[in-house]
Amino acid sequence: MMFRKEPERYGAVAQFFHWAVVVLIAFQYTWAWRIEQAAGIRDRFELVTQHKTIGMLVLAFAFLRLGWRLFHAPPPLPKHLANWEIWAAKLGHLALYGLIFIVPISGWLYSQAAGYGAHWWGPLTLPVFIESSEASEALFYALHELFVKLLIAVVAIHVLAALRHHFILRDNVLKRMLPQWRR
Ligand code: HEM
Ligand code: HEM
């Protein structure tokens with residue numbers, strides 16, 4: 001079955017969600033940088049709206065991806081790994097799953113607290129359930145900033161681990177998350 005997991009590697013759907021979220025998150029950091037560089041208030045507002053739209057897409061993908069994952073177990077890790085490596089991988093993946101929810105949710109709450117208004121998703125607006133105020137703006141900004149930094153840190157470790165598997169341990173852990181791999 002084309003869209004289901006094959007025995008030794010991640011299936012096409014799991015791979016699609018993984019790499020789509022990586023690309024969208026890369027856009028998010030680029031957009032945050034562009035917001036900082038924006039010359040005027042209109043440019044800034046437009047970029048923030050785009051940042052919100054991409055971020056809500058990450059949140060939607062996070063729900064779909066978690067739903068898919070609950071019914072499609074990942075391929076088992078290679079047998080040569082020590083217990084601590086297996087636990088580190090599980091903990092790291094759990095943290096990444098958590099962060100792809102927490103980072104957009106903290107951004108959404110910050111956006112409401114800062115008074116950026118109802119978010120446009122095509123013709124739809126998202127509900128606003130936090131009143132904008134100086135205190136809540138400061139709190140949710142600090143949280144969004146903290147979680148985006150945490151995401152960078154965990155992703156950095158995750159990438160180093162993937163490269164270690166590929167170049168040092170020389171196993172199939174990286175390849176099985178890539179599309180073209182054949183056994
Ligand atoms: C994966 C998702 C997201 C990532 C990686 C991300 C990342 C970032 C980063 C790096 C910043 C700059 C923080 C700083 O100045 O130190 C930022 C700011 C911000 N984010 Fe997000 N964000 C995400 C999702 C969202 C969502 C879903 C919303 C709202 C619906 C949002 C709203 C905002 C707002 C309003 C700002 C402040 C913009 C300004 O400077 O005025 N973010 N985000
Ligand atoms: C925003 C960045 C990233 C996030 C949020 C992320 C998230 C995740 C998550 C949650 C998993 C577990 C998948 C599952 O079991 O369902 C995973 C697996 C994996 N990721 Fe990432 N990832 C990111 C970036 C990367 C990058 C840049 C690479 C490549 C260098 C990479 C390589 C892998 C590999 C090889 C696996 C499979 C590991 C295994 O078989 O156990 N990831 N990733």
# chains A, B, ... in the order shown; residues from 1 in each chain; ligands from 1
$ residues_around --residues "region 125-128 of chain A" --least-positions-apart "3" --cutoff "12 Å" --atoms "only C-alpha atoms" --output "list in words"
Thr49, Lys52, Thr53, Met56, Trp108, Leu109, Tyr110, Ser111, Gln112, Ala113, Ala114, Gly115, Tyr116, Gly117, Ala118, His119, Trp120, Trp121, Gly122, Glu131 and Ser132 of chain A
$ closest_atom_pairs --of "chain A" --to "ligand 1" --cutoff "9 Å" --atoms "only C-alpha atoms and all ligand atoms" --output "Markdown table"
| residue | atom | partner | partner_atom_place_in_ligand_line | distance |
| --- | --- | --- | --- | --- |
| A:Val21 | CA | ligand 1 | 1 (C) | 7.9 |
| A:Leu24 | CA | ligand 1 | 1 (C) | 7.1 |
| A:Ile25 | CA | ligand 1 | 5 (C) | 5.0 |
| A:Ala26 | CA | ligand 1 | 5 (C) | 7.3 |
| A:Phe27 | CA | ligand 1 | 5 (C) | 8.0 |
| A:Gln28 | CA | ligand 1 | 5 (C) | 4.9 |
| A:Tyr29 | CA | ligand 1 | 10 (C) | 4.8 |
| A:Thr30 | CA | ligand 1 | 10 (C) | 8.0 |
| A:Trp31 | CA | ligand 1 | 9 (C) | 7.8 |
| A:Ala32 | CA | ligand 1 | 11 (C) | 4.6 |
| A:Trp33 | CA | ligand 1 | 12 (C) | 7.0 |
| A:Ile35 | CA | ligand 1 | 40 (O) | 6.0 |
| A:Glu36 | CA | ligand 1 | 40 (O) | 6.1 |
| A:Arg44 | CA | ligand 1 | 41 (O) | 7.3 |
| A:Phe45 | CA | ligand 1 | 41 (O) | 7.8 |
| A:Leu47 | CA | ligand 1 | 38 (C) | 8.5 |
| A:Val48 | CA | ligand 1 | 38 (C) | 5.7 |
| A:Thr49 | CA | ligand 1 | 29 (C) | 7.9 |
| A:His51 | CA | ligand 1 | 42 (N) | 6.0 |
| A:Lys52 | CA | ligand 1 | 30 (C) | 3.9 |
| A:Thr53 | CA | ligand 1 | 30 (C) | 6.6 |
| A:Ile54 | CA | ligand 1 | 27 (C) | 6.9 |
| A:Gly55 | CA | ligand 1 | 27 (C) | 3.6 |
| A:Met56 | CA | ligand 1 | 27 (C) | 4.5 |
| A:Leu57 | CA | ligand 1 | 27 (C) | 7.7 |
| A:Val58 | CA | ligand 1 | 1 (C) | 5.6 |
| A:Leu59 | CA | ligand 1 | 27 (C) | 7.1 |
| A:Leu99 | CA | ligand 1 | 1 (C) | 8.2 |
| A:Ile100 | CA | ligand 1 | 1 (C) | 6.0 |
| A:Phe101 | CA | ligand 1 | 1 (C) | 8.0 |
| A:Ile102 | CA | ligand 1 | 2 (C) | 8.5 |
| A:Val103 | CA | ligand 1 | 2 (C) | 5.3 |
| A:Pro104 | CA | ligand 1 | 27 (C) | 3.8 |
| A:Ile105 | CA | ligand 1 | 27 (C) | 6.0 |
| A:Ser106 | CA | ligand 1 | 26 (C) | 7.1 |
| A:Gly107 | CA | ligand 1 | 31 (C) | 3.5 |
| A:Trp108 | CA | ligand 1 | 30 (C) | 3.5 |
| A:Leu109 | CA | ligand 1 | 29 (C) | 7.0 |
| A:Tyr110 | CA | ligand 1 | 35 (C) | 6.1 |
| A:Ser111 | CA | ligand 1 | 35 (C) | 4.3 |
| A:Gln112 | CA | ligand 1 | 29 (C) | 7.9 |
| A:Ala114 | CA | ligand 1 | 35 (C) | 7.2 |
| A:Gly115 | CA | ligand 1 | 35 (C) | 8.9 |
| A:Tyr116 | CA | ligand 1 | 35 (C) | 6.7 |
| A:Ala118 | CA | ligand 1 | 30 (C) | 9.0 |
| A:His119 | CA | ligand 1 | 30 (C) | 6.7 |
| A:Tyr141 | CA | ligand 1 | 37 (C) | 7.3 |
| A:Ala142 | CA | ligand 1 | 16 (O) | 8.3 |
| A:His144 | CA | ligand 1 | 43 (N) | 6.7 |
| A:Glu145 | CA | ligand 1 | 13 (C) | 5.0 |
| A:Leu146 | CA | ligand 1 | 16 (O) | 8.3 |
| A:Phe147 | CA | ligand 1 | 7 (C) | 8.5 |
| A:Val148 | CA | ligand 1 | 7 (C) | 5.5 |
| A:Lys149 | CA | ligand 1 | 10 (C) | 7.5 |
| A:Leu151 | CA | ligand 1 | 5 (C) | 7.6 |
| A:Ile152 | CA | ligand 1 | 5 (C) | 8.6 |
$ closest_atom_pairs --of "chain A" --to "ligand 2" --cutoff "9 Å" --atoms "only C-alpha atoms and all ligand atoms" --output "JSON lines"
{"residue": "A:Arg9", "atom": "CA", "partner": "ligand 2", "partner_atom_place_in_ligand_line": "40 (O)", "distance": 7.5}
{"residue": "A:Tyr10", "atom": "CA", "partner": "ligand 2", "partner_atom_place_in_ligand_line": "40 (O)", "distance": 7.4}
{"residue": "A:Ala14", "atom": "CA", "partner": "ligand 2", "partner_atom_place_in_ligand_line": "16 (O)", "distance": 6.7}
{"residue": "A:Gln15", "atom": "CA", "partner": "ligand 2", "partner_atom_place_in_ligand_line": "13 (C)", "distance": 8.5}
{"residue": "A:His18", "atom": "CA", "partner": "ligand 2", "partner_atom_place_in_ligand_line": "7 (C)", "distance": 6.1}
{"residue": "A:Trp19", "atom": "CA", "partner": "ligand 2", "partner_atom_place_in_ligand_line": "24 (C)", "distance": 7.3}
{"residue": "A:Val21", "atom": "CA", "partner": "ligand 2", "partner_atom_place_in_ligand_line": "1 (C)", "distance": 6.2}
{"residue": "A:Val22", "atom": "CA", "partner": "ligand 2", "partner_atom_place_in_ligand_line": "1 (C)", "distance": 4.1}
{"residue": "A:Val23", "atom": "CA", "partner": "ligand 2", "partner_atom_place_in_ligand_line": "1 (C)", "distance": 7.4}
{"residue": "A:Leu24", "atom": "CA", "partner": "ligand 2", "partner_atom_place_in_ligand_line": "1 (C)", "distance": 8.0}
{"residue": "A:Ile25", "atom": "CA", "partner": "ligand 2", "partner_atom_place_in_ligand_line": "1 (C)", "distance": 5.5}
{"residue": "A:Ala26", "atom": "CA", "partner": "ligand 2", "partner_atom_place_in_ligand_line": "1 (C)", "distance": 7.0}
{"residue": "A:Arg65", "atom": "CA", "partner": "ligand 2", "partner_atom_place_in_ligand_line": "16 (O)", "distance": 7.9}
{"residue": "A:Leu66", "atom": "CA", "partner": "ligand 2", "partner_atom_place_in_ligand_line": "16 (O)", "distance": 7.7}
{"residue": "A:Trp68", "atom": "CA", "partner": "ligand 2", "partner_atom_place_in_ligand_line": "16 (O)", "distance": 8.7}
{"residue": "A:Arg69", "atom": "CA", "partner": "ligand 2", "partner_atom_place_in_ligand_line": "16 (O)", "distance": 5.6}
{"residue": "A:Leu70", "atom": "CA", "partner": "ligand 2", "partner_atom_place_in_ligand_line": "16 (O)", "distance": 8.7}
{"residue": "A:His72", "atom": "CA", "partner": "ligand 2", "partner_atom_place_in_ligand_line": "16 (O)", "distance": 8.4}
{"residue": "A:Ala73", "atom": "CA", "partner": "ligand 2", "partner_atom_place_in_ligand_line": "15 (O)", "distance": 7.4}
{"residue": "A:Pro74", "atom": "CA", "partner": "ligand 2", "partner_atom_place_in_ligand_line": "15 (O)", "distance": 5.3}
{"residue": "A:Pro75", "atom": "CA", "partner": "ligand 2", "partner_atom_place_in_ligand_line": "40 (O)", "distance": 6.8}
{"residue": "A:Pro76", "atom": "CA", "partner": "ligand 2", "partner_atom_place_in_ligand_line": "40 (O)", "distance": 7.6}
{"residue": "A:Leu77", "atom": "CA", "partner": "ligand 2", "partner_atom_place_in_ligand_line": "41 (O)", "distance": 6.1}
{"residue": "A:Pro78", "atom": "CA", "partner": "ligand 2", "partner_atom_place_in_ligand_line": "40 (O)", "distance": 8.8}
{"residue": "A:Ile86", "atom": "CA", "partner": "ligand 2", "partner_atom_place_in_ligand_line": "41 (O)", "distance": 8.7}
{"residue": "A:Ala89", "atom": "CA", "partner": "ligand 2", "partner_atom_place_in_ligand_line": "41 (O)", "distance": 6.5}
{"residue": "A:Lys90", "atom": "CA", "partner": "ligand 2", "partner_atom_place_in_ligand_line": "41 (O)", "distance": 7.9}
{"residue": "A:Gly92", "atom": "CA", "partner": "ligand 2", "partner_atom_place_in_ligand_line": "10 (C)", "distance": 7.8}
{"residue": "A:His93", "atom": "CA", "partner": "ligand 2", "partner_atom_place_in_ligand_line": "10 (C)", "distance": 4.5}
{"residue": "A:Leu94", "atom": "CA", "partner": "ligand 2", "partner_atom_place_in_ligand_line": "10 (C)", "distance": 6.6}
{"residue": "A:Ala95", "atom": "CA", "partner": "ligand 2", "partner_atom_place_in_ligand_line": "10 (C)", "distance": 7.6}
{"residue": "A:Leu96", "atom": "CA", "partner": "ligand 2", "partner_atom_place_in_ligand_line": "10 (C)", "distance": 4.8}
{"residue": "A:Tyr97", "atom": "CA", "partner": "ligand 2", "partner_atom_place_in_ligand_line": "10 (C)", "distance": 4.7}
{"residue": "A:Gly98", "atom": "CA", "partner": "ligand 2", "partner_atom_place_in_ligand_line": "10 (C)", "distance": 8.4}
{"residue": "A:Leu99", "atom": "CA", "partner": "ligand 2", "partner_atom_place_in_ligand_line": "5 (C)", "distance": 7.4}
{"residue": "A:Ile100", "atom": "CA", "partner": "ligand 2", "partner_atom_place_in_ligand_line": "5 (C)", "distance": 6.2}
{"residue": "A:Leu151", "atom": "CA", "partner": "ligand 2", "partner_atom_place_in_ligand_line": "1 (C)", "distance": 7.5}
{"residue": "A:Ile152", "atom": "CA", "partner": "ligand 2", "partner_atom_place_in_ligand_line": "1 (C)", "distance": 7.9}
{"residue": "A:Val154", "atom": "CA", "partner": "ligand 2", "partner_atom_place_in_ligand_line": "4 (C)", "distance": 8.6}
{"residue": "A:Val155", "atom": "CA", "partner": "ligand 2", "partner_atom_place_in_ligand_line": "2 (C)", "distance": 5.4}
{"residue": "A:Ala156", "atom": "CA", "partner": "ligand 2", "partner_atom_place_in_ligand_line": "27 (C)", "distance": 8.2}
{"residue": "A:His158", "atom": "CA", "partner": "ligand 2", "partner_atom_place_in_ligand_line": "42 (N)", "distance": 6.3}
{"residue": "A:Val159", "atom": "CA", "partner": "ligand 2", "partner_atom_place_in_ligand_line": "30 (C)", "distance": 4.4}
{"residue": "A:Leu160", "atom": "CA", "partner": "ligand 2", "partner_atom_place_in_ligand_line": "30 (C)", "distance": 7.3}
{"residue": "A:Ala161", "atom": "CA", "partner": "ligand 2", "partner_atom_place_in_ligand_line": "30 (C)", "distance": 8.2}
{"residue": "A:Ala162", "atom": "CA", "partner": "ligand 2", "partner_atom_place_in_ligand_line": "35 (C)", "distance": 5.1}
{"residue": "A:Leu163", "atom": "CA", "partner": "ligand 2", "partner_atom_place_in_ligand_line": "30 (C)", "distance": 6.2}
{"residue": "A:His165", "atom": "CA", "partner": "ligand 2", "partner_atom_place_in_ligand_line": "35 (C)", "distance": 8.2}
{"residue": "A:His166", "atom": "CA", "partner": "ligand 2", "partner_atom_place_in_ligand_line": "35 (C)", "distance": 8.6}
{"residue": "A:Asn172", "atom": "CA", "partner": "ligand 2", "partner_atom_place_in_ligand_line": "40 (O)", "distance": 8.0}
{"residue": "A:Val173", "atom": "CA", "partner": "ligand 2", "partner_atom_place_in_ligand_line": "40 (O)", "distance": 4.7}
{"residue": "A:Leu174", "atom": "CA", "partner": "ligand 2", "partner_atom_place_in_ligand_line": "35 (C)", "distance": 3.5}
{"residue": "A:Lys175", "atom": "CA", "partner": "ligand 2", "partner_atom_place_in_ligand_line": "35 (C)", "distance": 6.6}
{"residue": "A:Arg176", "atom": "CA", "partner": "ligand 2", "partner_atom_place_in_ligand_line": "40 (O)", "distance": 6.5}
{"residue": "A:Met177", "atom": "CA", "partner": "ligand 2", "partner_atom_place_in_ligand_line": "35 (C)", "distance": 5.0}
{"residue": "A:Leu178", "atom": "CA", "partner": "ligand 2", "partner_atom_place_in_ligand_line": "35 (C)", "distance": 7.5}
$ select_by_dssp --residues "chain A" --states "alpha helix (DSSP H)" --output "ChimeraX atom specification"
/A:12-37,41-71,83-113,134-163
$ write_last_selection --atoms "C-alpha atoms" --output "compact mmCIF listing (two decimals), in the first residue's frame"
# COMPACT_ATOMS: atom_id res chain seq x y z
CA ALA A 12 5.09 8.36 2.60
CA VAL A 13 2.50 10.14 4.78
CA ALA A 14 4.77 10.24 7.87
CA GLN A 15 7.63 11.52 5.68
CA PHE A 16 5.41 14.14 4.08
CA PHE A 17 4.31 15.51 7.48
CA HIS A 18 7.89 15.44 8.80
CA TRP A 19 9.46 17.40 5.93
CA ALA A 20 6.49 19.73 5.38
CA VAL A 21 6.68 20.80 9.04
CA VAL A 22 10.49 21.26 8.75
CA VAL A 23 10.01 23.58 5.73
CA LEU A 24 7.16 25.54 7.36
CA ILE A 25 9.15 26.02 10.56
CA ALA A 26 12.15 27.24 8.54
CA PHE A 27 9.78 29.80 6.94
CA GLN A 28 8.63 30.86 10.41
CA TYR A 29 12.12 31.82 11.56
CA THR A 30 12.74 33.62 8.26
CA TRP A 31 9.44 35.50 8.67
CA ALA A 32 10.26 36.43 12.28
CA TRP A 33 13.52 37.91 10.97
CA ARG A 34 11.68 39.76 8.18
CA ILE A 35 9.18 41.16 10.73
CA GLU A 36 12.09 42.54 12.71
CA GLN A 37 13.53 44.17 9.56
CA ILE A 41 3.74 49.41 10.19
CA ARG A 42 1.82 48.11 7.12
CA ASP A 43 4.66 45.84 6.02
CA ARG A 44 5.04 44.62 9.56
CA PHE A 45 1.33 43.87 9.96
CA GLU A 46 1.23 41.97 6.64
CA LEU A 47 4.27 39.87 7.57
CA VAL A 48 2.83 39.12 11.02
CA THR A 49 -0.43 37.97 9.37
CA GLN A 50 1.56 35.66 7.08
CA HIS A 51 3.56 34.40 10.08
CA LYS A 52 0.28 33.62 11.86
CA THR A 53 -1.13 31.83 8.81
CA ILE A 54 1.95 29.62 8.37
CA GLY A 55 2.04 28.96 12.13
CA MET A 56 -1.60 27.85 12.20
CA LEU A 57 -0.80 25.51 9.29
CA VAL A 58 1.96 23.96 11.43
CA LEU A 59 -0.62 23.50 14.20
CA ALA A 60 -3.10 21.86 11.78
CA PHE A 61 -0.34 19.55 10.50
CA ALA A 62 0.62 18.74 14.10
CA PHE A 63 -2.92 17.45 14.80
CA LEU A 64 -3.09 15.48 11.53
CA ARG A 65 0.39 14.10 12.04
CA LEU A 66 -0.25 13.01 15.62
CA GLY A 67 -3.52 11.38 14.51
CA TRP A 68 -1.69 9.48 11.77
CA ARG A 69 1.14 8.49 14.14
CA LEU A 70 -1.28 7.02 16.70
CA PHE A 71 -2.39 4.44 14.12
CA ASN A 83 19.12 1.58 26.05
CA TRP A 84 20.01 5.22 26.72
CA GLU A 85 20.05 5.92 22.96
CA ILE A 86 16.58 4.44 22.54
CA TRP A 87 15.27 6.51 25.45
CA ALA A 88 17.00 9.66 24.19
CA ALA A 89 15.36 9.15 20.77
CA LYS A 90 11.93 8.59 22.34
CA LEU A 91 12.27 11.60 24.63
CA GLY A 92 13.55 13.80 21.80
CA HIS A 93 10.67 12.82 19.50
CA LEU A 94 8.17 13.37 22.31
CA ALA A 95 9.62 16.84 22.94
CA LEU A 96 9.44 17.66 19.21
CA TYR A 97 5.83 16.49 18.98
CA GLY A 98 5.01 18.63 22.05
CA LEU A 99 6.77 21.69 20.62
CA ILE A 100 4.99 21.62 17.26
CA PHE A 101 1.79 22.13 19.29
CA ILE A 102 3.09 24.45 22.02
CA VAL A 103 5.02 26.85 19.78
CA PRO A 104 2.05 27.76 17.52
CA ILE A 105 -0.41 27.80 20.44
CA SER A 106 1.84 30.19 22.41
CA GLY A 107 2.09 32.36 19.25
CA TRP A 108 -1.67 32.36 18.81
CA LEU A 109 -2.19 33.38 22.46
CA TYR A 110 0.47 36.08 22.16
CA SER A 111 -1.12 37.41 19.00
CA GLN A 112 -4.46 37.79 20.79
CA ALA A 113 -2.87 39.31 23.90
CA GLU A 134 0.05 44.92 28.63
CA ALA A 135 0.44 42.16 31.23
CA SER A 136 -0.86 39.27 29.07
CA GLU A 137 1.10 40.58 26.08
CA ALA A 138 4.36 40.49 28.07
CA LEU A 139 3.59 37.02 29.45
CA PHE A 140 2.69 35.36 26.14
CA TYR A 141 5.49 37.07 24.26
CA ALA A 142 7.97 35.67 26.80
CA LEU A 143 6.40 32.20 26.44
CA HIS A 144 6.40 32.25 22.61
CA GLU A 145 10.03 33.40 22.66
CA LEU A 146 11.00 30.73 25.20
CA PHE A 147 9.36 27.91 23.22
CA VAL A 148 10.82 29.00 19.86
CA LYS A 149 14.28 28.95 21.50
CA LEU A 150 13.62 25.55 23.02
CA LEU A 151 12.53 24.30 19.59
CA ILE A 152 15.84 25.46 18.07
CA ALA A 153 17.79 23.69 20.82
CA VAL A 154 15.91 20.37 20.53
CA VAL A 155 16.04 20.45 16.70
CA ALA A 156 19.81 21.08 16.84
CA ILE A 157 20.30 17.95 18.99
CA HIS A 158 17.88 16.01 16.75
CA VAL A 159 19.82 16.94 13.60
CA LEU A 160 23.18 16.08 15.22
CA ALA A 161 21.74 12.71 16.26
CA ALA A 162 20.50 12.05 12.69
CA LEU A 163 23.93 12.93 11.28
$ closest_residue --among "A:Asp171, A:Ala38, A:Ile130, A:Gly11" --to "Leu81 (chain A)" --atoms "only C-alpha atoms"
A:Asp171
$ select_by_dssp --residues "chain A" --states "strand (DSSP E)" --output "PyMOL selection string"
chain A and resi 120-121+124-125
